[in-house]
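Student: Have a look at this one before I ask anything.
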Amino acid sequence: MAICLLLRHGRTRSNAEGRLAGWSPGIGLDEHGATQARTVAGRLAGTELAAVVASPLQRCQETAAAVLAAQPADRDVARHTEEDLGEARYGAWTGRPLSELAEEPLWRDVQDRPASVTFPTDTLTDPPFAHESMRRMQERAVAAVRAWDARVEAEHGPGGVWVAVSHGDVIKAILADALATPLDDFQRIVVDPASLSIVHRTSARPFVLRTNDTGSDPVDLQGLVTRLRSEGASGDAAVGGGGGADAPPT
């Protein structure tokens with residue numbers, strides 16, 4: 001019954017240059033990305049957060065720091081690093097231009113059959129960049145979100161809100177799972193830099209409340225949180241669409 005705000009890191013120079021950063025060290029936010037991070041942090045300033053949990057990579061850590069810096073001083077928001085929210089391990093593809101990768105046969109599989117893809121072993125870098133399958137990337141990221149959902153609910157009760165700061169492909173894979181969308185179709189989901197997506201899991205099913213939100217309005221979940229804490233969550237959807245998160249309790 002926790003609420004997970006999936007936040008992609010702000011833009012990096014690698015993003016702007018069309019290069020696949022992966023687990024390359026030292027990839028932080030560029031000037032525009034830092035502005036994006038401060039903007040989304042401001043949107044979350046009015047939301048009472050239980051925790052901010054980030055990928056260990058620099059761009060996510062910097063985005064997480066911006067979110068925490070915007071929280072009111074009287075809030076004690078826990079900050080954590082979660083390895084399993086880290087970027088996909090692209091192996092030999094790490095650091096290469098997307099325009100170059102698009103010429104490789106594996107590119108077509110990444111686009112059309114990602115569930116079949118395991119990224120190639122890196123034989124040139126010392127130490128080599130790790131590689132994994134896209135299926136494995138999804139499995140570890142979804143497991144991490146479920147574990148943190150359970151932890152936040154146990155520590156903060158129904159309606160606890162936490163932020164998972166991660167990467168584009170990782171968040172797309174998490175959303176695909178929540179939407180019961182096959183991994184082979186996850187490229188249909190768009191997750192831009194500094195965008196917010198919101199997933200609320202119940203015992204029956206996940207609810208995807210928002211995807212790829214790059215707007216400027218404050219994020220207001222108070223109505224939903226109040227309802228969860230007063231009524232609980234059955235996991236049943238409102239037939240006909242319901243009255244919205246801010247509707248009065250029934």
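Numbering starts fresh at 1 for the residues of each chain in the structure tokens, the chains themselves are lettered A, B, ... in the order given, and ligands are numbered from 1 as they appear.
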Could you build a table of the residues in segment 120-184 of chain A lying no more than 12 Å from segment 15-26 of chain A, giving for each the nearest pair of atoms and their separation in Å rounded to one decimal place, using only C-alpha atoms, ordered by chain and ascending residue number, as a tab-separated table?
Tutor:
```
residue	atom	partner	partner_atom	distance
A:Thr125	CA	A:Ser24	CA	10.8
A:Pro127	CA	A:Ser24	CA	11.3
A:Pro128	CA	A:Trp23	CA	10.6
A:Phe129	CA	A:Trp23	CA	7.2
A:Ala130	CA	A:Trp23	CA	8.5
A:His131	CA	A:Trp23	CA	10.1
A:Glu132	CA	A:Gly22	CA	11.7
A:Ser166	CA	A:Gly22	CA	11.8
A:His167	CA	A:Gly22	CA	9.3
A:Gly168	CA	A:Gly22	CA	10.7
A:Asp169	CA	A:Gly22	CA	10.4
A:Val170	CA	A:Gly22	CA	11.2
```
Student: Please dump the current selection as a tab-separated table (two decimals), in the first residue's frame; keep N, CA and C atoms.
Tutor:
```tsv
chain	number	residue	atom	x	y	z
A	125	THR	N	37.67	-3.22	-21.92
A	125	THR	CA	37.85	-2.31	-20.79
A	125	THR	C	38.44	-3.06	-19.60
A	127	PRO	N	38.87	-2.50	-15.51
A	127	PRO	CA	38.09	-3.74	-15.49
A	127	PRO	C	36.92	-3.68	-16.47
A	128	PRO	N	36.45	-4.81	-16.93
A	128	PRO	CA	35.37	-4.79	-17.91
A	128	PRO	C	34.05	-4.34	-17.29
A	129	PHE	N	33.21	-3.71	-18.10
A	129	PHE	CA	31.86	-3.38	-17.65
A	129	PHE	C	31.02	-4.67	-17.62
A	130	ALA	N	30.28	-4.84	-16.55
A	130	ALA	CA	29.43	-6.03	-16.42
A	130	ALA	C	28.33	-6.00	-17.47
A	131	HIS	N	27.84	-7.16	-17.80
A	131	HIS	CA	26.73	-7.26	-18.75
A	131	HIS	C	25.64	-8.14	-18.15
A	132	GLU	N	24.42	-7.94	-18.62
A	132	GLU	CA	23.29	-8.73	-18.15
A	132	GLU	C	22.22	-8.76	-19.23
A	166	SER	N	16.05	6.50	-10.56
A	166	SER	CA	16.67	5.46	-11.37
A	166	SER	C	16.86	5.95	-12.80
A	167	HIS	N	16.87	5.01	-13.73
A	167	HIS	CA	17.28	5.25	-15.12
A	167	HIS	C	16.15	4.91	-16.09
A	168	GLY	N	16.27	5.40	-17.31
A	168	GLY	CA	15.19	5.28	-18.27
A	168	GLY	C	14.74	3.85	-18.53
A	169	ASP	N	15.65	2.97	-18.95
A	169	ASP	CA	15.26	1.60	-19.25
A	169	ASP	C	14.77	0.87	-18.00
A	170	VAL	N	15.37	1.17	-16.87
A	170	VAL	CA	14.97	0.52	-15.62
A	170	VAL	C	13.54	0.91	-15.25
```
Student: Which residues are near segment 181-195 of chain A? Cut-off 10 Å, only C-alpha atoms, ignore same chain within fewer than 6 positions. Put them as a VMD selection string.
Tutor: chain A and resid 5 to 12 15 33 to 41 60 63 109 to 117 134 to 135 138 165 to 175 211 to 215
Student: Out of segment 48-245 of chain A, which residues get strand (DSSP E or B) from DSSP, as number ranges by chain?
Tutor: A: 51-54, 78-81, 90, 97, 118, 131, 133, 161-166, 196-201, 206-213
Student: Have a look at atom CA of Trp107 of chain A and atom CA of Trp93 of chain A and let me know their distance in Å, one decimal.
Tutor: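 Computing the Euclidean distance for atom CA of Trp107 of chain A and atom CA of Trp93 of chain A yields 10.4 Å.
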Student: If you run DSSP on the backbone here, which positions in segment 57-105 of chain A get helix (DSSP H, G or I)? Please write them as number ranges by chain.
Tutor: A: 58-70, 83-85, 91-93, 98-101, 105
Student: Please write the residues from the selection above to a file, keeping N, CA, C and O atoms, as a short mmCIF file (atom, residue, chain, number, x, y, z; two decimals), in the first residue's frame.
Tutor:
```cif
data_model
loop_
_atom_site.label_atom_id
_atom_site.label_comp_id
_atom_site.auth_asym_id
_atom_site.auth_seq_id
_atom_site.Cartn_x
_atom_site.Cartn_y
_atom_site.Cartn_z
N GLN A 58 26.24 8.36 -10.27
CA GLN A 58 26.35 9.77 -9.89
C GLN A 58 25.15 10.60 -10.30
O GLN A 58 24.65 11.43 -9.52
N ARG A 59 24.64 10.39 -11.50
CA ARG A 59 23.53 11.21 -11.98
C ARG A 59 22.27 11.03 -11.14
O ARG A 59 21.50 11.97 -10.94
N CYS A 60 22.07 9.82 -10.62
CA CYS A 60 20.92 9.57 -9.75
C CYS A 60 21.17 10.12 -8.35
O CYS A 60 20.25 10.65 -7.70
N GLN A 61 22.39 9.98 -7.87
CA GLN A 61 22.72 10.52 -6.55
C GLN A 61 22.55 12.04 -6.53
O GLN A 61 22.05 12.61 -5.56
N GLU A 62 22.95 12.71 -7.61
CA GLU A 62 22.80 14.16 -7.67
C GLU A 62 21.32 14.56 -7.74
O GLU A 62 20.90 15.55 -7.13
N THR A 63 20.53 13.80 -8.47
CA THR A 63 19.10 14.07 -8.54
C THR A 63 18.44 13.85 -7.19
O THR A 63 17.60 14.64 -6.74
N ALA A 64 18.82 12.77 -6.51
CA ALA A 64 18.29 12.50 -5.17
C ALA A 64 18.65 13.62 -4.20
O ALA A 64 17.83 14.04 -3.37
N ALA A 65 19.88 14.12 -4.30
CA ALA A 65 20.31 15.20 -3.41
C ALA A 65 19.46 16.45 -3.63
O ALA A 65 19.12 17.16 -2.67
N ALA A 66 19.10 16.73 -4.88
CA ALA A 66 18.25 17.88 -5.16
C ALA A 66 16.87 17.71 -4.53
O ALA A 66 16.30 18.65 -3.97
N VAL A 67 16.32 16.50 -4.61
CA VAL A 67 15.00 16.23 -4.00
C VAL A 67 15.06 16.46 -2.50
O VAL A 67 14.19 17.12 -1.92
N LEU A 68 16.10 15.94 -1.87
CA LEU A 68 16.22 16.09 -0.43
C LEU A 68 16.45 17.55 -0.02
O LEU A 68 15.93 18.01 0.99
N ALA A 69 17.22 18.28 -0.82
CA ALA A 69 17.51 19.68 -0.50
C ALA A 69 16.25 20.53 -0.53
O ALA A 69 16.18 21.56 0.17
N ALA A 70 15.25 20.14 -1.32
CA ALA A 70 14.02 20.93 -1.44
C ALA A 70 13.00 20.59 -0.37
O ALA A 70 11.99 21.29 -0.24
N GLU A 83 21.51 -0.72 -5.06
CA GLU A 83 22.24 -1.24 -6.22
C GLU A 83 21.29 -1.74 -7.31
O GLU A 83 21.53 -1.56 -8.51
N ASP A 84 20.20 -2.37 -6.91
CA ASP A 84 19.31 -2.99 -7.88
C ASP A 84 18.42 -1.99 -8.62
O ASP A 84 17.67 -2.37 -9.53
N LEU A 85 18.50 -0.71 -8.26
CA LEU A 85 17.87 0.34 -9.07
C LEU A 85 18.87 0.95 -10.05
O LEU A 85 18.55 1.90 -10.76
N GLY A 91 27.42 -3.94 -20.69
CA GLY A 91 28.62 -4.63 -21.15
C GLY A 91 29.38 -3.84 -22.20
O GLY A 91 29.72 -2.67 -22.01
N ALA A 92 29.65 -4.48 -23.34
CA ALA A 92 30.46 -3.88 -24.41
C ALA A 92 29.78 -2.69 -25.07
O ALA A 92 30.43 -1.95 -25.81
N TRP A 93 28.50 -2.49 -24.83
CA TRP A 93 27.81 -1.33 -25.40
C TRP A 93 28.07 -0.06 -24.59
O TRP A 93 27.79 1.04 -25.05
N LEU A 98 24.90 6.04 -29.63
CA LEU A 98 23.70 5.32 -30.06
C LEU A 98 23.65 5.17 -31.57
O LEU A 98 23.16 4.16 -32.09
N SER A 99 24.15 6.16 -32.29
CA SER A 99 24.14 6.09 -33.76
C SER A 99 24.99 4.92 -34.26
O SER A 99 24.66 4.28 -35.27
N GLU A 100 26.05 4.61 -33.55
CA GLU A 100 26.90 3.47 -33.90
C GLU A 100 26.25 2.15 -33.51
O GLU A 100 26.26 1.18 -34.27
N LEU A 101 25.65 2.12 -32.32
CA LEU A 101 24.98 0.91 -31.86
C LEU A 101 23.79 0.54 -32.75
O LEU A 101 23.48 -0.64 -32.93
N PRO A 105 23.39 -5.66 -35.38
CA PRO A 105 22.20 -6.52 -35.44
C PRO A 105 21.43 -6.59 -34.12
O PRO A 105 20.20 -6.68 -34.13
#
```
Student: Set the distance at 9 Å and use only C-alpha atoms: which residues neighbour Gly46 of chain A once local chain neighbours fewer than 3 positions away are removed? I'd like the list as number ranges by chain.
Tutor: A: 42-43, 71-72, 218-220
Student: Go through A:Val77, A:Ala154, A:Leu179, A:Leu221 one by one, measure the shortest atom-to-atom distance of each to Cys4 of chain A using only C-alpha atoms, and give the residue with the smallest value.
Tutor: A:Leu221
